[in-house]
$ cat my_file05.pdb   # PDB, C-alpha atoms
ATOM      1  CA  ALA A   1      18.993  -8.140 -19.022
ATOM      2  CA  ASP A   2      19.042  -4.372 -19.365
ATOM      3  CA  SER A   3      16.397  -2.121 -17.834
ATOM      4  CA  LEU A   4      14.557  -1.589 -21.120
ATOM      5  CA  SER A   5      14.066  -5.325 -21.654
ATOM      6  CA  ILE A   6      12.750  -5.656 -18.098
ATOM      7  CA  LEU A   7      10.314  -2.790 -18.653
ATOM      8  CA  SER A   8       9.173  -4.412 -21.889
ATOM      9  CA  LEU A   9       7.749  -7.270 -19.797
ATOM     10  CA  PHE A  10       5.023  -4.978 -18.529
ATOM     11  CA  ASN A  11       2.552  -5.304 -21.367
ATOM     12  CA  PRO A  12      -0.913  -6.937 -21.560
ATOM     13  CA  GLU A  13       0.276  -9.963 -23.527
ATOM     14  CA  THR A  14       3.085 -10.905 -21.141
ATOM     15  CA  ALA A  15       0.951 -10.236 -18.074
ATOM     16  CA  GLY A  16      -1.725 -12.519 -19.505
ATOM     17  CA  GLU A  17       0.787 -15.305 -20.093
ATOM     18  CA  TYR A  18       1.380 -15.444 -16.341
ATOM     19  CA  GLY A  19      -2.274 -15.146 -15.390
ATOM     20  CA  PHE A  20      -2.350 -11.446 -14.532
ATOM     21  CA  THR A  21      -3.784  -8.264 -15.973
ATOM     22  CA  PRO A  22      -1.527  -5.277 -16.745
ATOM     23  CA  GLU A  23      -2.807  -3.691 -13.509
ATOM     24  CA  THR A  24      -2.200  -6.726 -11.278
ATOM     25  CA  PHE A  25       1.069  -7.893 -12.884
ATOM     26  CA  PRO A  26       3.269  -6.052 -10.323
ATOM     27  CA  ALA A  27       1.906  -8.411  -7.648
ATOM     28  CA  MET A  28       3.941 -11.223  -9.207
ATOM     29  CA  PHE A  29       7.247  -9.476  -8.463
ATOM     30  CA  ILE A  30       7.835  -9.914  -4.729
ATOM     31  CA  PRO A  31      10.786  -7.868  -3.414
ATOM     32  CA  ASN A  32      13.385 -10.153  -1.884
ATOM     33  CA  THR A  33      17.014 -11.189  -2.355
ATOM     34  CA  TYR A  34      17.445 -13.527  -5.305
ATOM     35  CA  GLU A  35      20.503 -14.943  -7.054
ATOM     36  CA  PHE A  36      20.716 -14.816 -10.861
ATOM     37  CA  TYR A  37      23.328 -15.539 -13.463
ATOM     38  CA  TRP A  38      24.465 -12.324 -15.135
ATOM     39  CA  THR A  39      23.326 -13.776 -18.470
ATOM     40  CA  THR A  40      19.681 -13.998 -17.332
ATOM     41  CA  LYS A  41      17.291 -12.680 -19.984
ATOM     42  CA  ALA A  42      14.166 -10.653 -19.176
ATOM     43  CA  LYS A  43      11.818 -13.569 -19.892
ATOM     44  CA  GLN A  44      13.925 -15.875 -17.719
ATOM     45  CA  PHE A  45      13.717 -13.297 -14.947
ATOM     46  CA  ALA A  46       9.920 -13.206 -15.252
ATOM     47  CA  ASP A  47       9.754 -17.010 -15.231
ATOM     48  CA  ARG A  48      11.778 -17.047 -12.024
ATOM     49  CA  MET A  49       9.571 -14.404 -10.419
ATOM     50  CA  LYS A  50       6.467 -16.448 -11.214
ATOM     51  CA  ALA A  51       8.113 -19.536  -9.693
ATOM     52  CA  GLU A  52       9.030 -17.550  -6.557
ATOM     53  CA  TYR A  53       5.476 -16.163  -6.426
ATOM     54  CA  ASN A  54       4.080 -19.705  -6.463
ATOM     55  CA  VAL A  55       6.456 -20.748  -3.668
ATOM     56  CA  PHE A  56       5.595 -17.681  -1.585
ATOM     57  CA  TRP A  57       1.856 -18.239  -1.869
ATOM     58  CA  ASN A  58       1.938 -21.580  -0.108
ATOM     59  CA  GLU A  59      -1.095 -23.334   1.360
ATOM     60  CA  GLU A  60      -0.859 -21.450   4.657
ATOM     61  CA  ARG A  61      -0.829 -18.004   3.054
ATOM     62  CA  GLN A  62      -3.550 -18.956   0.584
ATOM     63  CA  ALA A  63      -5.719 -20.199   3.449
ATOM     64  CA  LYS A  64      -5.266 -16.907   5.319
ATOM     65  CA  ALA A  65      -6.186 -14.963   2.197
ATOM     66  CA  LEU A  66      -9.265 -17.140   1.748
ATOM     67  CA  ASN A  67     -10.295 -16.455   5.343
ATOM     68  CA  LEU A  68     -10.133 -12.759   4.510
ATOM     69  CA  GLY A  69     -12.330 -13.300   1.490
ATOM     70  CA  MET A  70      -9.446 -12.158  -0.701
ATOM     71  CA  SER A  71      -7.305 -13.561  -3.473
ATOM     72  CA  PRO A  72      -3.503 -13.379  -3.212
ATOM     73  CA  VAL A  73      -3.609 -10.465  -5.661
ATOM     74  CA  ASP A  74      -6.185  -8.648  -3.485
ATOM     75  CA  VAL A  75      -3.890  -9.106  -0.494
ATOM     76  CA  SER A  76      -0.964  -7.683  -2.458
ATOM     77  CA  ILE A  77      -3.033  -4.669  -3.515
ATOM     78  CA  LEU A  78      -3.987  -3.892   0.082
ATOM     79  CA  ALA A  79      -0.413  -4.568   1.217
ATOM     80  CA  SER A  80       0.856  -1.993  -1.278
ATOM     81  CA  ILE A  81      -1.394   0.623   0.336
ATOM     82  CA  VAL A  82      -0.307  -0.342   3.848
ATOM     83  CA  GLN A  83       3.322  -0.120   2.771
ATOM     84  CA  GLU A  84       2.840   3.406   1.455
ATOM     85  CA  GLU A  85       1.034   4.479   4.627
ATOM     86  CA  THR A  86       3.848   3.664   7.058
ATOM     87  CA  ASN A  87       7.430   2.493   7.345
ATOM     88  CA  LYS A  88       6.860   1.484  10.958
ATOM     89  CA  LYS A  89       6.826  -2.306  11.150
ATOM     90  CA  SER A  90       4.852  -2.282  14.399
ATOM     91  CA  GLU A  91       1.962  -0.362  12.787
ATOM     92  CA  LYS A  92       1.499  -2.282   9.555
ATOM     93  CA  SER A  93      -0.830  -4.986  10.867
ATOM     94  CA  ARG A  94      -2.887  -2.374  12.732
ATOM     95  CA  ILE A  95      -3.298  -0.213   9.624
ATOM     96  CA  ALA A  96      -4.173  -3.339   7.648
ATOM     97  CA  GLY A  97      -6.885  -3.997  10.239
ATOM     98  CA  VAL A  98      -8.297  -0.500   9.755
ATOM     99  CA  TYR A  99      -8.657  -1.022   6.021
ATOM    100  CA  ILE A 100     -10.125  -4.490   6.426
ATOM    101  CA  ASN A 101     -12.682  -3.034   8.857
ATOM    102  CA  ARG A 102     -13.554  -0.395   6.272
ATOM    103  CA  LEU A 103     -13.940  -2.949   3.504
ATOM    104  CA  ARG A 104     -16.209  -5.101   5.647
ATOM    105  CA  LYS A 105     -18.382  -2.116   6.538
ATOM    106  CA  GLY A 106     -18.667  -1.117   2.884
ATOM    107  CA  MET A 107     -16.866   2.155   3.553
ATOM    108  CA  LEU A 108     -14.564   3.908   1.132
ATOM    109  CA  LEU A 109     -10.919   3.149   1.923
ATOM    110  CA  GLN A 110     -10.009   6.848   1.519
ATOM    111  CA  ALA A 111      -6.308   5.987   1.385
ATOM    112  CA  ASP A 112      -4.155   9.007   0.588
ATOM    113  CA  PRO A 113      -1.426   6.941  -1.151
ATOM    114  CA  THR A 114      -3.963   5.832  -3.767
ATOM    115  CA  VAL A 115      -4.770   9.470  -4.517
ATOM    116  CA  LYS A 116      -1.080  10.242  -4.952
ATOM    117  CA  TYR A 117      -0.814   7.302  -7.342
ATOM    118  CA  ALA A 118      -3.911   8.418  -9.226
ATOM    119  CA  THR A 119      -2.489  11.908  -9.813
ATOM    120  CA  GLY A 120       0.712  10.460 -11.248
ATOM    121  CA  ASP A 121       2.734  12.957  -9.184
ATOM    122  CA  ILE A 122       5.276  10.841  -7.285
ATOM    123  CA  GLY A 123       6.688  13.960  -5.628
ATOM    124  CA  LEU A 124       3.361  14.948  -4.081
ATOM    125  CA  ARG A 125       3.935  15.548  -0.374
ATOM    126  CA  ARG A 126       0.494  16.686   0.789
ATOM    127  CA  ILE A 127      -2.930  15.614  -0.430
ATOM    128  CA  LEU A 128      -5.248  18.586  -0.982
ATOM    129  CA  ASN A 129      -8.997  18.637  -1.642
ATOM    130  CA  ARG A 130      -8.426  19.142  -5.366
ATOM    131  CA  HIS A 131      -6.366  15.948  -5.478
ATOM    132  CA  LEU A 132      -9.263  14.017  -3.936
ATOM    133  CA  GLU A 133     -11.339  14.820  -7.018
ATOM    134  CA  THR A 134      -8.930  13.056  -9.408
ATOM    135  CA  ASP A 135     -11.113  10.748 -11.486
ATOM    136  CA  SER A 136      -9.268   7.456 -11.467
ATOM    137  CA  PRO A 137     -10.236   3.901 -10.443
ATOM    138  CA  TYR A 138      -7.195   4.095  -8.152
ATOM    139  CA  ASN A 139      -8.716   6.995  -6.206
ATOM    140  CA  THR A 140     -10.235   5.267  -3.178
ATOM    141  CA  TYR A 141     -11.907   8.508  -2.123
ATOM    142  CA  LEU A 142     -14.162   8.206  -5.174
ATOM    143  CA  TYR A 143     -14.354   4.493  -5.908
ATOM    144  CA  PRO A 144     -15.287   1.755  -3.398
ATOM    145  CA  GLY A 145     -13.238  -1.332  -2.691
ATOM    146  CA  LEU A 146      -9.658  -2.015  -3.673
ATOM    147  CA  PRO A 147      -7.990  -0.264  -6.615
ATOM    148  CA  PRO A 148      -7.389  -2.296  -9.806
ATOM    149  CA  GLY A 149      -3.808  -3.191  -8.905
ATOM    150  CA  PRO A 150      -0.930  -2.558  -6.502
ATOM    151  CA  ILE A 151       0.307   1.017  -6.226
ATOM    152  CA  THR A 152       3.829  -0.222  -5.498
ATOM    153  CA  PHE A 153       5.635  -3.557  -5.217
ATOM    154  CA  PRO A 154       4.586  -4.746  -1.731
ATOM    155  CA  GLU A 155       7.284  -6.329   0.383
ATOM    156  CA  ILE A 156       6.859  -9.637   2.203
ATOM    157  CA  GLN A 157       6.538  -7.834   5.536
ATOM    158  CA  SER A 158       3.617  -5.782   4.196
ATOM    159  CA  ILE A 159       1.873  -8.791   2.664
ATOM    160  CA  ASP A 160       2.196 -10.759   5.882
ATOM    161  CA  ALA A 161       0.899  -7.747   7.836
ATOM    162  CA  VAL A 162      -2.341  -7.999   5.859
ATOM    163  CA  LEU A 163      -2.566 -11.776   6.196
ATOM    164  CA  ASN A 164      -1.975 -11.443   9.956
ATOM    165  CA  TYR A 165      -3.865  -8.194  10.420
ATOM    166  CA  GLU A 166      -4.609  -6.890  13.892
ATOM    167  CA  LYS A 167      -8.215  -7.525  14.901
ATOM    168  CA  HIS A 168      -9.749  -4.399  16.451
ATOM    169  CA  ASN A 169     -12.631  -1.968  15.986
ATOM    170  CA  LEU A 170     -10.569   0.963  14.714
ATOM    171  CA  ILE A 171     -11.772   2.791  11.614
ATOM    172  CA  TYR A 172      -9.569   5.899  11.335
ATOM    173  CA  PHE A 173      -5.943   6.946  11.721
ATOM    174  CA  CYS A 174      -3.857  10.036  11.122
ATOM    175  CA  ALA A 175      -0.256  11.106  11.655
ATOM    176  CA  ARG A 176       0.799  11.855  15.225
ATOM    177  CA  GLU A 177       1.382  15.444  16.160
ATOM    178  CA  ASP A 178       4.938  14.671  17.340
ATOM    179  CA  PHE A 179       6.004  13.947  13.719
ATOM    180  CA  SER A 180       7.446  10.614  14.822
ATOM    181  CA  GLY A 181       6.054   8.828  11.793
ATOM    182  CA  TYR A 182       3.598   6.931  13.974
ATOM    183  CA  HIS A 183      -0.176   7.360  13.890
ATOM    184  CA  ASN A 184      -3.094   8.004  16.218
ATOM    185  CA  PHE A 185      -5.948   5.531  15.728
ATOM    186  CA  SER A 186      -9.617   6.009  16.534
ATOM    187  CA  ARG A 187     -12.967   4.246  16.445
ATOM    188  CA  THR A 188     -15.201   7.224  15.730
ATOM    189  CA  HIS A 189     -15.094  10.125  13.317
ATOM    190  CA  ALA A 190     -15.289  12.557  16.230
ATOM    191  CA  GLU A 191     -12.130  11.055  17.754
ATOM    192  CA  HIS A 192     -10.453  11.188  14.379
ATOM    193  CA  GLU A 193     -11.338  14.865  13.945
ATOM    194  CA  ARG A 194      -9.735  15.666  17.308
ATOM    195  CA  ASN A 195      -6.589  13.744  16.374
ATOM    196  CA  ALA A 196      -6.428  15.462  12.998
ATOM    197  CA  ALA A 197      -6.887  18.885  14.603
ATOM    198  CA  ARG A 198      -3.938  18.253  16.941
ATOM    199  CA  TYR A 199      -1.773  17.223  14.007
ATOM    200  CA  HIS A 200      -2.703  20.295  11.945
ATOM    201  CA  ARG A 201      -2.055  22.615  14.905
ATOM    202  CA  ALA A 202       1.383  21.065  15.332
ATOM    203  CA  LEU A 203       2.000  21.418  11.591
ATOM    204  CA  ASP A 204       0.988  25.090  11.635
ATOM    205  CA  SER A 205       3.211  25.678  14.680
ATOM    206  CA  LEU A 206       6.152  24.078  12.921
ATOM    207  CA  ARG A 207       5.633  26.293   9.894
ATOM    208  CA  MET A 208       5.535  29.375  12.101
ATOM    209  CA  GLU A 209       8.802  28.335  13.744
ATOM    210  CA  LYS A 210      10.455  27.865  10.362
ATOM    211  CA  LYS A 211       9.253  31.276   9.198
ATOM    212  CA  ALA A 212      10.648  32.856  12.368
ATOM    213  CA  GLU A 213      14.122  31.388  11.788
ATOM    214  CA  PRO A 214      16.697  34.025  10.754
TER     215      PRO A 214
END

$ encode --input "my_file05.pdb" --output "structure tokens"
Amino acid sequence: ADSLSILSLFNPETAGEYGFTPETFPAMFIPNTYEFYWTTKAKQFADRMKAEYNVFWNEERQAKALNLGMSPVDVSILASIVQEETNKKSEKSRIAGVYINRLRKGMLLQADPTVKYATGDIGLRRILNRHLETDSPYNTYLYPGLPPGPITFPEIQSIDAVLNYEKHNLIYFCAREDFSGYHNFSRTHAEHERNAARYHRALDSLRMEKKAEP
């Protein structure tokens, strides 16, 4: 199947055939290594993905989702946010725990990756205040709860990080000031503000160093 025929799958009618909405349909396509015949048509590919989805969401995973008060699709939506927040395997379950804590407290998720998705600017590197005002159901700074669908295709590792989230009382996190890709976590907004201030000072210092380079 060529790329155009694969893209043509993503329409309301086809999504509905498999029990999804256009927004949630990406949750059916779980990134993994699969073997196909080269003659596989787009519809056959979708059929296989639905079969793999059903195998993946076995009784154990469904039970864990139920314990979270979530559907498999809800888990995939949250997993897509976690995946966009970090590429550090060791942090995924902790970040998942932060968002689950926020959901249970009725707080806004305020996830920057959802704002980036809402703007439609995939090259956006820094979220500014004007981006936070983007009126979209995917903007979790404006709208409570989970967005309508995944913001990317969540990998198995990210989905399992949500299902096996780290239980803690953390509510906030921001990038570490050492630019390692890891995050500082905190329980209170005051702690978070201090962590954020350290990161922004380090960022400003880095910019000054770059400007000073010959």

$ atom_distance --input "my_file05.pdb" --atom1 "CA of His168 in chain A" --atom2 "CA of Asn101 in chain A"
8.3 Å

$ atom_distance --input "my_file05.pdb" --atom1 "CA of Arg187 in chain A" --atom2 "CA of Val75 in chain A"
23.4 Å

$ closest_residue --input "my_file05.pdb" --among "A:Lys64, A:Arg48, A:His192, A:Lys43" --to "Met28 in chain A" --atoms "only C-alpha atoms"
A:Arg48

$ atom_distance --input "my_file05.pdb" --atom1 "CA of Val98 in chain A" --atom2 "CA of Leu170 in chain A"
5.6 Å

$ residues_around --input "my_file05.pdb" --residues "range 4-15 of chain A" --least-positions-apart "2" --cutoff "12 Å" --atoms "all atoms listed in the file" --output "list in words"
Ala1, Asp2, Glu17, Tyr18, Gly19, Phe20, Thr21, Pro22, Glu23, Thr24, Phe25, Pro26, Ala27, Met28, Phe29, Thr40, Lys41, Ala42, Lys43, Gln44, Phe45, Ala46, Asp47, Met49 and Lys50 of chain A

$ write_last_selection --input "my_file05.pdb" --atoms "C-alpha atoms" --output "PDB file, in the frame of the given file"
ATOM      1  CA  ALA A   1      18.993  -8.140 -19.022  1.00  0.00           C
ATOM      2  CA  ASP A   2      19.042  -4.372 -19.365  1.00  0.00           C
ATOM      3  CA  GLU A  17       0.787 -15.305 -20.093  1.00  0.00           C
ATOM      4  CA  TYR A  18       1.380 -15.444 -16.341  1.00  0.00           C
ATOM      5  CA  GLY A  19      -2.274 -15.146 -15.390  1.00  0.00           C
ATOM      6  CA  PHE A  20      -2.350 -11.446 -14.532  1.00  0.00           C
ATOM      7  CA  THR A  21      -3.784  -8.264 -15.973  1.00  0.00           C
ATOM      8  CA  PRO A  22      -1.527  -5.277 -16.745  1.00  0.00           C
ATOM      9  CA  GLU A  23      -2.807  -3.691 -13.509  1.00  0.00           C
ATOM     10  CA  THR A  24      -2.200  -6.726 -11.278  1.00  0.00           C
ATOM     11  CA  PHE A  25       1.069  -7.893 -12.884  1.00  0.00           C
ATOM     12  CA  PRO A  26       3.269  -6.052 -10.323  1.00  0.00           C
ATOM     13  CA  ALA A  27       1.906  -8.411  -7.648  1.00  0.00           C
ATOM     14  CA  MET A  28       3.941 -11.223  -9.207  1.00  0.00           C
ATOM     15  CA  PHE A  29       7.247  -9.476  -8.463  1.00  0.00           C
ATOM     16  CA  THR A  40      19.681 -13.998 -17.332  1.00  0.00           C
ATOM     17  CA  LYS A  41      17.291 -12.680 -19.984  1.00  0.00           C
ATOM     18  CA  ALA A  42      14.166 -10.653 -19.176  1.00  0.00           C
ATOM     19  CA  LYS A  43      11.818 -13.569 -19.892  1.00  0.00           C
ATOM     20  CA  GLN A  44      13.925 -15.875 -17.719  1.00  0.00           C
ATOM     21  CA  PHE A  45      13.717 -13.297 -14.947  1.00  0.00           C
ATOM     22  CA  ALA A  46       9.920 -13.206 -15.252  1.00  0.00           C
ATOM     23  CA  ASP A  47       9.754 -17.010 -15.231  1.00  0.00           C
ATOM     24  CA  MET A  49       9.571 -14.404 -10.419  1.00  0.00           C
ATOM     25  CA  LYS A  50       6.467 -16.448 -11.214  1.00  0.00           C
TER      26      LYS A  50
END

$ closest_atom_pairs --input "my_file05.pdb" --of "range 5-120 of chain A" --to "range 140-162 of chain A" --cutoff "6 Å" --atoms "all atoms listed in the file" --output "JSON lines"
{"residue": "A:Glu23", "atom": "CA", "partner": "A:Gly149", "partner_atom": "CA", "distance": 4.7}
{"residue": "A:Thr24", "atom": "CA", "partner": "A:Gly149", "partner_atom": "CA", "distance": 4.6}
{"residue": "A:Pro31", "atom": "CA", "partner": "A:Glu155", "partner_atom": "CA", "distance": 5.4}
{"residue": "A:Ser76", "atom": "CA", "partner": "A:Ile159", "partner_atom": "CA", "distance": 6.0}
{"residue": "A:Ile77", "atom": "CA", "partner": "A:Pro150", "partner_atom": "CA", "distance": 4.2}
{"residue": "A:Ala79", "atom": "CA", "partner": "A:Ile159", "partner_atom": "CA", "distance": 5.0}
{"residue": "A:Ser80", "atom": "CA", "partner": "A:Pro154", "partner_atom": "CA", "distance": 4.7}
{"residue": "A:Gln83", "atom": "CA", "partner": "A:Ser158", "partner_atom": "CA", "distance": 5.8}
{"residue": "A:Lys92", "atom": "CA", "partner": "A:Ala161", "partner_atom": "CA", "distance": 5.8}
{"residue": "A:Ser93", "atom": "CA", "partner": "A:Ala161", "partner_atom": "CA", "distance": 4.4}
{"residue": "A:Ala96", "atom": "CA", "partner": "A:Val162", "partner_atom": "CA", "distance": 5.3}
{"residue": "A:Leu108", "atom": "CA", "partner": "A:Pro144", "partner_atom": "CA", "distance": 5.1}
{"residue": "A:Leu109", "atom": "CA", "partner": "A:Thr140", "partner_atom": "CA", "distance": 5.6}
{"residue": "A:Gln110", "atom": "CA", "partner": "A:Tyr141", "partner_atom": "CA", "distance": 4.4}

$ closest_residue --input "my_file05.pdb" --among "A:Phe185, A:Gly106, A:Phe179, A:Glu133" --to "Arg201 in chain A" --atoms "only C-alpha atoms"
A:Phe179

$ axis_aligned_box --input "my_file05.pdb" --around "range 203-208 of chain A" --padding-each-side "3 Å" --output "lines of an AutoDock Vina configuration file"
center_x = 3.6
center_y = 25.4
center_z = 12.3
size_x = 11.2
size_y = 14.0
size_z = 10.8

$ decode --input "my_file05.pdb" --residues "range 130-153 of chain A" --atoms "N, CA, C and O atoms" --output "mmCIF file, in the first residue's frame"
data_model
loop_
_atom_site.group_PDB
_atom_site.id
_atom_site.type_symbol
_atom_site.label_atom_id
_atom_site.label_comp_id
_atom_site.auth_asym_id
_atom_site.auth_seq_id
_atom_site.Cartn_x
_atom_site.Cartn_y
_atom_site.Cartn_z
ATOM 1 N N ARG A 130 1.452 33.514 24.525
ATOM 2 C CA ARG A 130 0.462 33.650 23.453
ATOM 3 C C ARG A 130 0.022 32.290 22.925
ATOM 4 O O ARG A 130 -1.113 32.139 22.473
ATOM 5 N N HIS A 131 0.909 31.303 23.002
ATOM 6 C CA HIS A 131 0.530 29.953 22.568
ATOM 7 C C HIS A 131 -0.481 29.332 23.535
ATOM 8 O O HIS A 131 -1.334 28.551 23.127
ATOM 9 N N LEU A 132 -0.377 29.693 24.802
ATOM 10 C CA LEU A 132 -1.278 29.134 25.817
ATOM 11 C C LEU A 132 -2.719 29.577 25.610
ATOM 12 O O LEU A 132 -3.638 28.967 26.158
ATOM 13 N N GLU A 133 -2.914 30.607 24.816
ATOM 14 C CA GLU A 133 -4.261 31.133 24.573
ATOM 15 C C GLU A 133 -4.914 30.510 23.342
ATOM 16 O O GLU A 133 -6.039 30.879 22.977
ATOM 17 N N THR A 134 -4.225 29.577 22.678
ATOM 18 C CA THR A 134 -4.777 28.923 21.495
ATOM 19 C C THR A 134 -6.067 28.195 21.853
ATOM 20 O O THR A 134 -6.074 27.298 22.696
ATOM 21 N N ASP A 135 -7.161 28.592 21.223
ATOM 22 C CA ASP A 135 -8.460 28.002 21.546
ATOM 23 C C ASP A 135 -8.637 26.694 20.791
ATOM 24 O O ASP A 135 -8.973 26.678 19.608
ATOM 25 N N SER A 136 -8.383 25.618 21.487
ATOM 26 C CA SER A 136 -8.498 24.283 20.907
ATOM 27 C C SER A 136 -8.825 23.307 22.020
ATOM 28 O O SER A 136 -8.305 23.445 23.140
ATOM 29 N N PRO A 137 -9.663 22.299 21.768
ATOM 30 C CA PRO A 137 -9.949 21.299 22.809
ATOM 31 C C PRO A 137 -8.712 20.497 23.194
ATOM 32 O O PRO A 137 -8.710 19.815 24.216
ATOM 33 N N TYR A 138 -7.648 20.615 22.383
ATOM 34 C CA TYR A 138 -6.392 19.934 22.704
ATOM 35 C C TYR A 138 -5.514 20.754 23.649
ATOM 36 O O TYR A 138 -4.523 20.252 24.166
ATOM 37 N N ASN A 139 -5.872 22.020 23.858
ATOM 38 C CA ASN A 139 -5.088 22.884 24.730
ATOM 39 C C ASN A 139 -5.474 22.621 26.178
ATOM 40 O O ASN A 139 -6.496 23.121 26.661
ATOM 41 N N THR A 140 -4.644 21.869 26.879
ATOM 42 C CA THR A 140 -4.964 21.484 28.264
ATOM 43 C C THR A 140 -4.675 22.600 29.265
ATOM 44 O O THR A 140 -4.834 22.400 30.463
ATOM 45 N N TYR A 141 -4.250 23.755 28.777
ATOM 46 C CA TYR A 141 -4.171 24.933 29.639
ATOM 47 C C TYR A 141 -5.530 25.617 29.724
ATOM 48 O O TYR A 141 -5.797 26.370 30.658
ATOM 49 N N LEU A 142 -6.382 25.368 28.727
ATOM 50 C CA LEU A 142 -7.698 25.999 28.688
ATOM 51 C C LEU A 142 -8.830 25.038 29.031
ATOM 52 O O LEU A 142 -9.823 25.437 29.634
ATOM 53 N N TYR A 143 -8.668 23.780 28.621
ATOM 54 C CA TYR A 143 -9.757 22.818 28.770
ATOM 55 C C TYR A 143 -9.366 21.700 29.746
ATOM 56 O O TYR A 143 -8.264 21.150 29.655
ATOM 57 N N PRO A 144 -10.263 21.368 30.683
ATOM 58 C CA PRO A 144 -9.951 20.346 31.689
ATOM 59 C C PRO A 144 -9.969 18.938 31.107
ATOM 60 O O PRO A 144 -10.541 18.683 30.043
ATOM 61 N N GLY A 145 -9.344 18.027 31.831
ATOM 62 C CA GLY A 145 -9.347 16.631 31.431
ATOM 63 C C GLY A 145 -8.415 16.333 30.283
ATOM 64 O O GLY A 145 -7.539 17.137 29.932
ATOM 65 N N LEU A 146 -8.602 15.168 29.695
ATOM 66 C CA LEU A 146 -7.771 14.730 28.576
ATOM 67 C C LEU A 146 -8.224 15.392 27.280
ATOM 68 O O LEU A 146 -9.401 15.714 27.125
ATOM 69 N N PRO A 147 -7.318 15.579 26.328
ATOM 70 C CA PRO A 147 -7.732 16.079 25.015
ATOM 71 C C PRO A 147 -8.564 15.028 24.278
ATOM 72 O O PRO A 147 -8.645 13.870 24.722
ATOM 73 N N PRO A 148 -9.171 15.380 23.155
ATOM 74 C CA PRO A 148 -10.081 14.460 22.458
ATOM 75 C C PRO A 148 -9.425 13.199 21.913
ATOM 76 O O PRO A 148 -10.104 12.190 21.696
ATOM 77 N N GLY A 149 -8.132 13.256 21.656
ATOM 78 C CA GLY A 149 -7.438 12.094 21.099
ATOM 79 C C GLY A 149 -5.952 12.186 21.338
ATOM 80 O O GLY A 149 -5.449 13.192 21.875
ATOM 81 N N PRO A 150 -5.208 11.152 20.955
ATOM 82 C CA PRO A 150 -3.748 11.174 21.117
ATOM 83 C C PRO A 150 -3.119 12.290 20.297
ATOM 84 O O PRO A 150 -3.603 12.633 19.219
ATOM 85 N N ILE A 151 -2.023 12.839 20.797
ATOM 86 C CA ILE A 151 -1.310 13.880 20.060
ATOM 87 C C ILE A 151 -0.140 13.286 19.279
ATOM 88 O O ILE A 151 0.561 14.005 18.567
ATOM 89 N N THR A 152 0.076 11.995 19.441
ATOM 90 C CA THR A 152 1.050 11.250 18.651
ATOM 91 C C THR A 152 0.661 9.786 18.768
ATOM 92 O O THR A 152 -0.308 9.451 19.440
ATOM 93 N N PHE A 153 1.400 8.896 18.129
ATOM 94 C CA PHE A 153 1.129 7.469 18.247
ATOM 95 C C PHE A 153 1.937 6.935 19.433
ATOM 96 O O PHE A 153 3.156 6.750 19.314
#
